[in-house]
Amino acid sequence: MNIQLLNQLSAFGNVEIPLPSSKSESNRVLIIDALTEGENQISNLAEARDTQTMIRLLDENPPVFDVLDAGTTMRFLTAFATVTNQNKVMTGTARMCERPIGILVDALRTIGGDIHYMNKEGYPPLAIHGFSGQKSKRVEVRGDVSSQYISALLMIAPLLPEGLEIALLGKVGSRTYIEMTLELMAQFGIVHKWEDNVITIPAGKYKPTSFSVESDWSGASYWFSLLACADQGSLYLKGLKENSLQGDSKIVDIMDRLGVKSEFDAHGVHLTKQAVKGLTSWDFTHCPDLAQTVAVTCAILGQKATFTGLESLRIKETDRILALQQELAKFNAQLVEGANEVFTLIPSVSLPSEVQVHTYEDHRMAMAFMPLMTKTRVIIEDPEVVNKSYPSFWKHVALVQ
């Protein structure tokens, strides 16, 4: 088993981190570009394996779309292949085939897609047998399971002869990701209307344009956490915008409470230490990918906090709630589940001289626990797992060591 050894490092100087590009933006503009038949000028695409898999599959167009472990790639390409009237098998890793896709398939069938499951009902692998013509211009989709289903439907909506109305049922999770999709579509000429719980996209055509992908705020969150946990240091994160489309830019507000001051300029953001104001609670409904980062940070800093909006974490690359509970316990912290899916983070009171972190084939587990090196020696198992979203992560960690 490969490991990444992180010796204790409580302080560092002023370090510049050349962040990777956003996987979320990249995967959306790749689908939009494919629906515009590649007439756009797209730059700064993500190095993430998920994005590189999307690029390869769209370029080679094989009969089997094997997305590996890429959730967005699975959901977005399922909708893309359906509306473009293709015959495709959609599959991925064993874990990918345990992640539900029934809500999206039901919606695509309602619209006119011919899709069947090849194994377990509601889960990949699945076979797409083309598009028989639009049968309905309205679909109903639960809003609290995965915003990726909704984004997949939004991006194909303009190509439908009658456009599409998407009625979101119940609580809407990860709303910022839906808004990102709509904003990106707008930059390629598509209008929308969002009233109450219904999003309406009229029939139309994407207009070719030039687009440069922003740096990744999810990847930035680990550097905010590192500085929050360190005794001394400052960081400059390149390529981030103050008015970002990415919901994970909320890390600025969260870390302002946990001791990190953010100052933007034309090329990125300067991070410096400030007094900890305290974080007593946070709702991760619209930024679930920050939950691991914030939980570890609070555990290290001694911040007891309550967390809500973690429901979607159970169907990610791993059951992230269980994974967090098991790994936090290794340095005497707890994530306790209470009534109504309210979780309490009980921070560590004492740290062992070394912590070995199991990563559960989940890139965010490896990166979220990196800041623990500010307090103790850390061993990260299977460090290559970061290739899913941030292949240069360990190279960047070396910049501060």
# chains A, B, ... in the order shown; residues from 1 in each chain; ligands from 1

$ residues_around --residues "A:Leu77" --least-positions-apart "5" --cutoff "9 Å" --atoms "only C-alpha atoms" --output "compact mmCIF listing (two decimals) with N, CA and C atoms, in the first residue's frame"
# COMPACT_ATOMS: atom_id res chain seq x y z
N ILE A 31 -19.91 19.49 -21.56
CA ILE A 31 -21.20 19.04 -22.09
C ILE A 31 -21.82 20.12 -22.98
N MET A 54 -14.05 12.66 -18.95
CA MET A 54 -15.10 13.27 -19.77
C MET A 54 -14.55 13.67 -21.14
N LEU A 58 -15.89 11.90 -24.68
CA LEU A 58 -16.52 12.73 -25.70
C LEU A 58 -15.72 12.71 -27.00
N PHE A 65 -19.52 3.87 -22.38
CA PHE A 65 -19.01 5.00 -21.62
C PHE A 65 -18.66 4.50 -20.22
N VAL A 67 -17.13 5.51 -17.03
CA VAL A 67 -16.79 6.79 -16.38
C VAL A 67 -15.86 6.61 -15.19
N THR A 72 -20.27 13.09 -11.70
CA THR A 72 -20.79 14.08 -12.64
C THR A 72 -20.70 13.56 -14.07
N THR A 82 -28.54 10.36 -24.19
CA THR A 82 -29.97 10.15 -24.44
C THR A 82 -30.52 11.19 -25.41
N MET A 90 -23.68 2.66 -20.14
CA MET A 90 -23.08 3.53 -19.13
C MET A 90 -22.66 2.66 -17.95
N ALA A 152 -27.87 17.91 -15.10
CA ALA A 152 -27.83 17.10 -16.33
C ALA A 152 -29.05 17.39 -17.20

$ closest_atom_pairs --of "stretch 197-249 of chain A" --to "stretch 157-173 of chain A" --cutoff "12 Å" --atoms "only C-alpha atoms" --output "CSV"
residue,atom,partner,partner_atom,distance
A:Asn197,CA,A:Leu168,CA,5.2
A:Val198,CA,A:Ala167,CA,4.4
A:Ile199,CA,A:Ile166,CA,5.2
A:Thr200,CA,A:Glu165,CA,4.4
A:Ile201,CA,A:Leu164,CA,5.3
A:Pro202,CA,A:Gly163,CA,4.3
A:Ala203,CA,A:Gly163,CA,4.0
A:Gly204,CA,A:Pro158,CA,4.9
A:Lys205,CA,A:Pro158,CA,6.3
A:Tyr206,CA,A:Pro158,CA,7.7
A:Lys207,CA,A:Pro158,CA,11.3
A:Gly247,CA,A:Gly173,CA,11.5

$ write_last_selection --atoms "C-alpha atoms" --output "CSV table (one decimal), in the first residue's frame"
chain,number,residue,atom,x,y,z
A,197,ASN,CA,-39.9,25.4,-7.4
A,198,VAL,CA,-40.1,25.3,-11.2
A,199,ILE,CA,-37.2,26.0,-13.6
A,200,THR,CA,-38.2,26.6,-17.2
A,201,ILE,CA,-35.7,26.4,-20.1
A,202,PRO,CA,-37.2,27.3,-23.6
A,203,ALA,CA,-36.0,25.5,-26.7
A,204,GLY,CA,-33.0,27.1,-28.3
A,205,LYS,CA,-29.4,26.8,-29.4
A,206,TYR,CA,-26.2,27.3,-27.5
A,207,LYS,CA,-24.2,30.1,-29.0
A,247,GLY,CA,-20.9,27.3,-4.2

$ atom_distance --atom1 "atom CA of A:Asp319" --atom2 "atom CA of A:Pro347"
20.8 Å

$ residues_around --residues "A:Leu245" --least-positions-apart "4" --cutoff "8 Å" --atoms "only C-alpha atoms" --output "ChimeraX atom specification"
/A:176,179-180,183

$ write_last_selection --atoms "C-alpha atoms" --output "PDB file, in the first residue's frame"
ATOM      1  CA  THR A 176     -25.474  26.761  -5.736  1.00  0.00           C
ATOM      2  CA  GLU A 179     -27.281  28.099 -10.118  1.00  0.00           C
ATOM      3  CA  MET A 180     -23.767  27.516 -11.476  1.00  0.00           C
ATOM      4  CA  GLU A 183     -25.162  30.824 -15.097  1.00  0.00           C
TER       5      GLU A 183
END

$ closest_residue --among "A:Val145, A:Ile156, A:Leu290, A:Arg49" --to "A:Asn85" --atoms "only C-alpha atoms"
A:Ile156

$ closest_residue --among "A:Ile254, A:Ala305, A:Val191, A:Leu235" --to "A:Pro18" --atoms "only C-alpha atoms"
A:Leu235

$ closest_residue --among "A:Lys241, A:His358, A:Lys304, A:Lys316" --to "A:Ser22" --atoms "only C-alpha atoms"
A:Lys241

$ closest_residue --among "A:Phe188, A:Val260, A:Glu317, A:Val294" --to "A:Thr93" --atoms "only C-alpha atoms"
A:Glu317

$ residues_around --residues "A:Gly338" --least-positions-apart "4" --cutoff "12 Å" --atoms "only C-alpha atoms" --output "list in words"
Thr306, Phe307, Thr308, Val342, Phe343, Thr344 and Leu345 of chain A

$ closest_residue --among "A:Ala34, A:Val252, A:Ala220, A:Ala70" --to "A:Lys238" --atoms "only C-alpha atoms"
A:Ala220

$ atom_distance --atom1 "atom CA of A:Ile111" --atom2 "atom CA of A:Val139"
7.4 Å

$ select_by_dssp --residues "stretch 74-315 of chain A" --states "strand (DSSP E or B)" --output "mmCIF file with N, CA and C atoms, in the first residue's frame"
data_model
loop_
_atom_site.group_PDB
_atom_site.id
_atom_site.type_symbol
_atom_site.label_atom_id
_atom_site.label_comp_id
_atom_site.auth_asym_id
_atom_site.auth_seq_id
_atom_site.Cartn_x
_atom_site.Cartn_y
_atom_site.Cartn_z
ATOM 1 N N ASN A 87 -26.849 5.126 -28.845
ATOM 2 C CA ASN A 87 -26.937 3.830 -28.183
ATOM 3 C C ASN A 87 -25.662 3.647 -27.371
ATOM 4 N N LYS A 88 -25.793 3.625 -26.051
ATOM 5 C CA LYS A 88 -24.629 3.585 -25.189
ATOM 6 C C LYS A 88 -24.870 2.666 -23.987
ATOM 7 N N VAL A 89 -23.803 2.043 -23.547
ATOM 8 C CA VAL A 89 -23.783 1.410 -22.225
ATOM 9 C C VAL A 89 -23.053 2.365 -21.289
ATOM 10 N N MET A 90 -23.675 2.658 -20.145
ATOM 11 C CA MET A 90 -23.076 3.526 -19.130
ATOM 12 C C MET A 90 -22.659 2.656 -17.946
ATOM 13 N N THR A 91 -21.366 2.711 -17.594
ATOM 14 C CA THR A 91 -20.884 1.927 -16.461
ATOM 15 C C THR A 91 -19.731 2.643 -15.790
ATOM 16 N N GLY A 113 -36.612 9.271 -23.448
ATOM 17 C CA GLY A 113 -35.455 8.404 -23.561
ATOM 18 C C GLY A 113 -35.820 6.942 -23.383
ATOM 19 N N ASP A 114 -35.136 6.073 -24.113
ATOM 20 C CA ASP A 114 -35.321 4.628 -24.006
ATOM 21 C C ASP A 114 -34.101 4.072 -23.268
ATOM 22 N N ILE A 115 -34.277 3.758 -21.997
ATOM 23 C CA ILE A 115 -33.172 3.360 -21.129
ATOM 24 C C ILE A 115 -33.589 2.146 -20.306
ATOM 25 N N HIS A 116 -32.691 1.159 -20.171
ATOM 26 C CA HIS A 116 -32.989 0.067 -19.247
ATOM 27 C C HIS A 116 -31.765 -0.259 -18.404
ATOM 28 N N TYR A 117 -32.042 -0.806 -17.235
ATOM 29 C CA TYR A 117 -30.974 -1.189 -16.315
ATOM 30 C C TYR A 117 -30.452 -2.570 -16.684
ATOM 31 N N LEU A 126 -26.246 0.764 -17.098
ATOM 32 C CA LEU A 126 -27.505 0.906 -17.817
ATOM 33 C C LEU A 126 -27.230 1.032 -19.307
ATOM 34 N N ALA A 127 -28.246 0.721 -20.089
ATOM 35 C CA ALA A 127 -28.130 0.791 -21.547
ATOM 36 C C ALA A 127 -29.092 1.848 -22.075
ATOM 37 N N ILE A 128 -28.576 2.731 -22.905
ATOM 38 C CA ILE A 128 -29.372 3.783 -23.533
ATOM 39 C C ILE A 128 -29.633 3.371 -24.975
ATOM 40 N N HIS A 129 -30.902 3.407 -25.359
ATOM 41 C CA HIS A 129 -31.282 2.999 -26.714
ATOM 42 C C HIS A 129 -31.888 4.164 -27.498
ATOM 43 N N GLY A 130 -31.323 5.335 -27.295
ATOM 44 C CA GLY A 130 -31.737 6.477 -28.102
ATOM 45 C C GLY A 130 -32.892 7.263 -27.521
ATOM 46 N N PHE A 131 -33.410 8.146 -28.365
ATOM 47 C CA PHE A 131 -34.433 9.121 -27.962
ATOM 48 C C PHE A 131 -35.544 9.080 -29.001
ATOM 49 N N ARG A 138 -42.450 18.525 -19.248
ATOM 50 C CA ARG A 138 -42.365 18.775 -17.805
ATOM 51 C C ARG A 138 -41.934 17.500 -17.094
ATOM 52 N N VAL A 139 -41.000 17.635 -16.182
ATOM 53 C CA VAL A 139 -40.596 16.514 -15.328
ATOM 54 C C VAL A 139 -40.580 16.986 -13.882
ATOM 55 N N GLU A 140 -40.786 16.048 -12.977
ATOM 56 C CA GLU A 140 -40.702 16.329 -11.550
ATOM 57 C C GLU A 140 -39.496 15.578 -10.997
ATOM 58 N N VAL A 141 -38.656 16.287 -10.249
ATOM 59 C CA VAL A 141 -37.410 15.715 -9.730
ATOM 60 C C VAL A 141 -37.251 16.102 -8.268
ATOM 61 N N ARG A 142 -36.931 15.121 -7.431
ATOM 62 C CA ARG A 142 -36.636 15.447 -6.030
ATOM 63 C C ARG A 142 -35.422 16.367 -5.966
ATOM 64 N N LEU A 164 -38.040 22.592 -21.671
ATOM 65 C CA LEU A 164 -38.307 21.728 -20.511
ATOM 66 C C LEU A 164 -38.649 22.551 -19.278
ATOM 67 N N GLU A 165 -39.639 22.057 -18.538
ATOM 68 C CA GLU A 165 -39.940 22.568 -17.194
ATOM 69 C C GLU A 165 -39.524 21.502 -16.189
ATOM 70 N N ILE A 166 -38.727 21.906 -15.213
ATOM 71 C CA ILE A 166 -38.303 20.978 -14.172
ATOM 72 C C ILE A 166 -38.898 21.447 -12.856
ATOM 73 N N ALA A 167 -39.802 20.653 -12.308
ATOM 74 C CA ALA A 167 -40.410 20.964 -11.014
ATOM 75 C C ALA A 167 -39.598 20.264 -9.926
ATOM 76 N N LEU A 168 -39.030 21.037 -9.027
ATOM 77 C CA LEU A 168 -38.202 20.491 -7.953
ATOM 78 C C LEU A 168 -39.089 20.180 -6.753
ATOM 79 N N LEU A 169 -39.058 18.934 -6.320
ATOM 80 C CA LEU A 169 -39.922 18.485 -5.239
ATOM 81 C C LEU A 169 -39.188 18.530 -3.910
ATOM 82 N N LYS A 193 -35.991 30.677 -16.556
ATOM 83 C CA LYS A 193 -36.874 31.299 -15.571
ATOM 84 C C LYS A 193 -36.978 30.334 -14.393
ATOM 85 N N TRP A 194 -36.747 30.839 -13.189
ATOM 86 C CA TRP A 194 -36.858 30.011 -11.985
ATOM 87 C C TRP A 194 -37.847 30.704 -11.068
ATOM 88 N N GLU A 195 -39.052 30.171 -11.023
ATOM 89 C CA GLU A 195 -40.110 30.724 -10.172
ATOM 90 C C GLU A 195 -40.586 29.652 -9.217
ATOM 91 N N VAL A 198 -40.072 25.778 -9.838
ATOM 92 C CA VAL A 198 -40.072 25.340 -11.242
ATOM 93 C C VAL A 198 -39.036 26.135 -12.045
ATOM 94 N N ILE A 199 -38.150 25.400 -12.704
ATOM 95 C CA ILE A 199 -37.171 26.009 -13.615
ATOM 96 C C ILE A 199 -37.628 25.723 -15.038
ATOM 97 N N THR A 200 -37.724 26.784 -15.842
ATOM 98 C CA THR A 200 -38.170 26.646 -17.228
ATOM 99 C C THR A 200 -37.051 27.043 -18.178
ATOM 100 N N ILE A 201 -36.735 26.143 -19.100
ATOM 101 C CA ILE A 201 -35.734 26.397 -20.134
ATOM 102 C C ILE A 201 -36.428 26.287 -21.482
ATOM 103 N N SER A 210 -16.246 32.083 -26.058
ATOM 104 C CA SER A 210 -14.969 31.760 -25.419
ATOM 105 C C SER A 210 -15.185 31.717 -23.912
ATOM 106 N N PHE A 211 -14.566 30.747 -23.243
ATOM 107 C CA PHE A 211 -14.767 30.605 -21.802
ATOM 108 C C PHE A 211 -13.506 30.051 -21.169
ATOM 109 N N SER A 212 -13.076 30.700 -20.077
ATOM 110 C CA SER A 212 -11.929 30.225 -19.306
ATOM 111 C C SER A 212 -12.411 29.760 -17.938
ATOM 112 N N SER A 215 -10.293 28.734 -11.200
ATOM 113 C CA SER A 215 -9.663 27.785 -10.283
ATOM 114 C C SER A 215 -10.718 27.179 -9.356
ATOM 115 N N GLN A 232 1.363 29.704 12.373
ATOM 116 C CA GLN A 232 1.837 30.888 11.652
ATOM 117 C C GLN A 232 1.940 30.567 10.167
ATOM 118 N N GLY A 233 1.703 31.566 9.327
ATOM 119 C CA GLY A 233 1.852 31.389 7.888
ATOM 120 C C GLY A 233 0.939 32.326 7.116
ATOM 121 N N SER A 234 1.134 32.379 5.805
ATOM 122 C CA SER A 234 0.223 33.100 4.912
ATOM 123 C C SER A 234 0.272 32.409 3.552
ATOM 124 N N LEU A 235 -0.832 32.520 2.812
ATOM 125 C CA LEU A 235 -0.956 31.828 1.532
ATOM 126 C C LEU A 235 -1.538 32.760 0.488
ATOM 127 N N TYR A 236 -1.137 32.528 -0.759
ATOM 128 C CA TYR A 236 -1.782 33.214 -1.885
ATOM 129 C C TYR A 236 -2.305 32.139 -2.822
ATOM 130 N N LEU A 237 -3.617 32.135 -3.044
ATOM 131 C CA LEU A 237 -4.258 31.141 -3.900
ATOM 132 C C LEU A 237 -4.597 31.774 -5.243
ATOM 133 N N LYS A 238 -3.974 31.277 -6.287
ATOM 134 C CA LYS A 238 -4.104 31.883 -7.612
ATOM 135 C C LYS A 238 -5.385 31.445 -8.324
ATOM 136 N N VAL A 260 -9.193 32.767 9.483
ATOM 137 C CA VAL A 260 -8.519 33.080 8.211
ATOM 138 C C VAL A 260 -9.156 34.315 7.575
ATOM 139 N N LYS A 261 -8.336 35.303 7.290
ATOM 140 C CA LYS A 261 -8.774 36.525 6.616
ATOM 141 C C LYS A 261 -8.475 36.408 5.122
ATOM 142 N N SER A 262 -9.449 36.767 4.281
ATOM 143 C CA SER A 262 -9.305 36.682 2.823
ATOM 144 C C SER A 262 -9.316 38.077 2.215
ATOM 145 N N GLU A 263 -8.317 38.351 1.362
ATOM 146 C CA GLU A 263 -8.255 39.619 0.637
ATOM 147 C C GLU A 263 -7.999 39.328 -0.838
ATOM 148 N N PHE A 264 -8.950 39.740 -1.680
ATOM 149 C CA PHE A 264 -8.876 39.435 -3.114
ATOM 150 C C PHE A 264 -8.132 40.524 -3.873
ATOM 151 N N GLY A 268 -6.210 36.533 -7.639
ATOM 152 C CA GLY A 268 -6.444 35.487 -6.662
ATOM 153 C C GLY A 268 -6.786 36.058 -5.301
ATOM 154 N N VAL A 269 -6.468 35.311 -4.253
ATOM 155 C CA VAL A 269 -6.825 35.733 -2.897
ATOM 156 C C VAL A 269 -5.659 35.484 -1.942
ATOM 157 N N HIS A 270 -5.370 36.506 -1.112
ATOM 158 C CA HIS A 270 -4.357 36.399 -0.060
ATOM 159 C C HIS A 270 -5.037 35.904 1.216
ATOM 160 N N LEU A 271 -4.451 34.910 1.864
ATOM 161 C CA LEU A 271 -4.970 34.393 3.121
ATOM 162 C C LEU A 271 -3.972 34.689 4.234
ATOM 163 N N THR A 272 -4.453 35.303 5.302
ATOM 164 C CA THR A 272 -3.626 35.563 6.477
ATOM 165 C C THR A 272 -4.391 35.147 7.722
ATOM 166 N N LYS A 273 -3.653 34.962 8.807
ATOM 167 C CA LYS A 273 -4.293 34.528 10.041
ATOM 168 C C LYS A 273 -4.918 35.707 10.783
ATOM 169 N N SER A 281 -22.322 26.662 14.291
ATOM 170 C CA SER A 281 -23.163 25.797 13.453
ATOM 171 C C SER A 281 -22.973 26.178 11.991
ATOM 172 N N TRP A 282 -23.278 25.212 11.113
ATOM 173 C CA TRP A 282 -23.253 25.495 9.679
ATOM 174 C C TRP A 282 -24.163 24.509 8.950
ATOM 175 N N ASP A 283 -24.878 25.034 7.964
ATOM 176 C CA ASP A 283 -25.752 24.222 7.110
ATOM 177 C C ASP A 283 -25.024 23.974 5.783
ATOM 178 N N ALA A 305 -19.304 22.252 17.237
ATOM 179 C CA ALA A 305 -20.245 22.857 16.295
ATOM 180 C C ALA A 305 -21.311 21.854 15.902
ATOM 181 N N THR A 306 -22.462 22.367 15.489
ATOM 182 C CA THR A 306 -23.513 21.501 14.943
ATOM 183 C C THR A 306 -23.580 21.704 13.434
ATOM 184 N N PHE A 307 -23.733 20.598 12.715
ATOM 185 C CA PHE A 307 -23.771 20.601 11.252
ATOM 186 C C PHE A 307 -25.083 20.008 10.769
ATOM 187 N N THR A 308 -25.660 20.657 9.774
ATOM 188 C CA THR A 308 -26.838 20.116 9.093
ATOM 189 C C THR A 308 -26.569 20.101 7.592
#
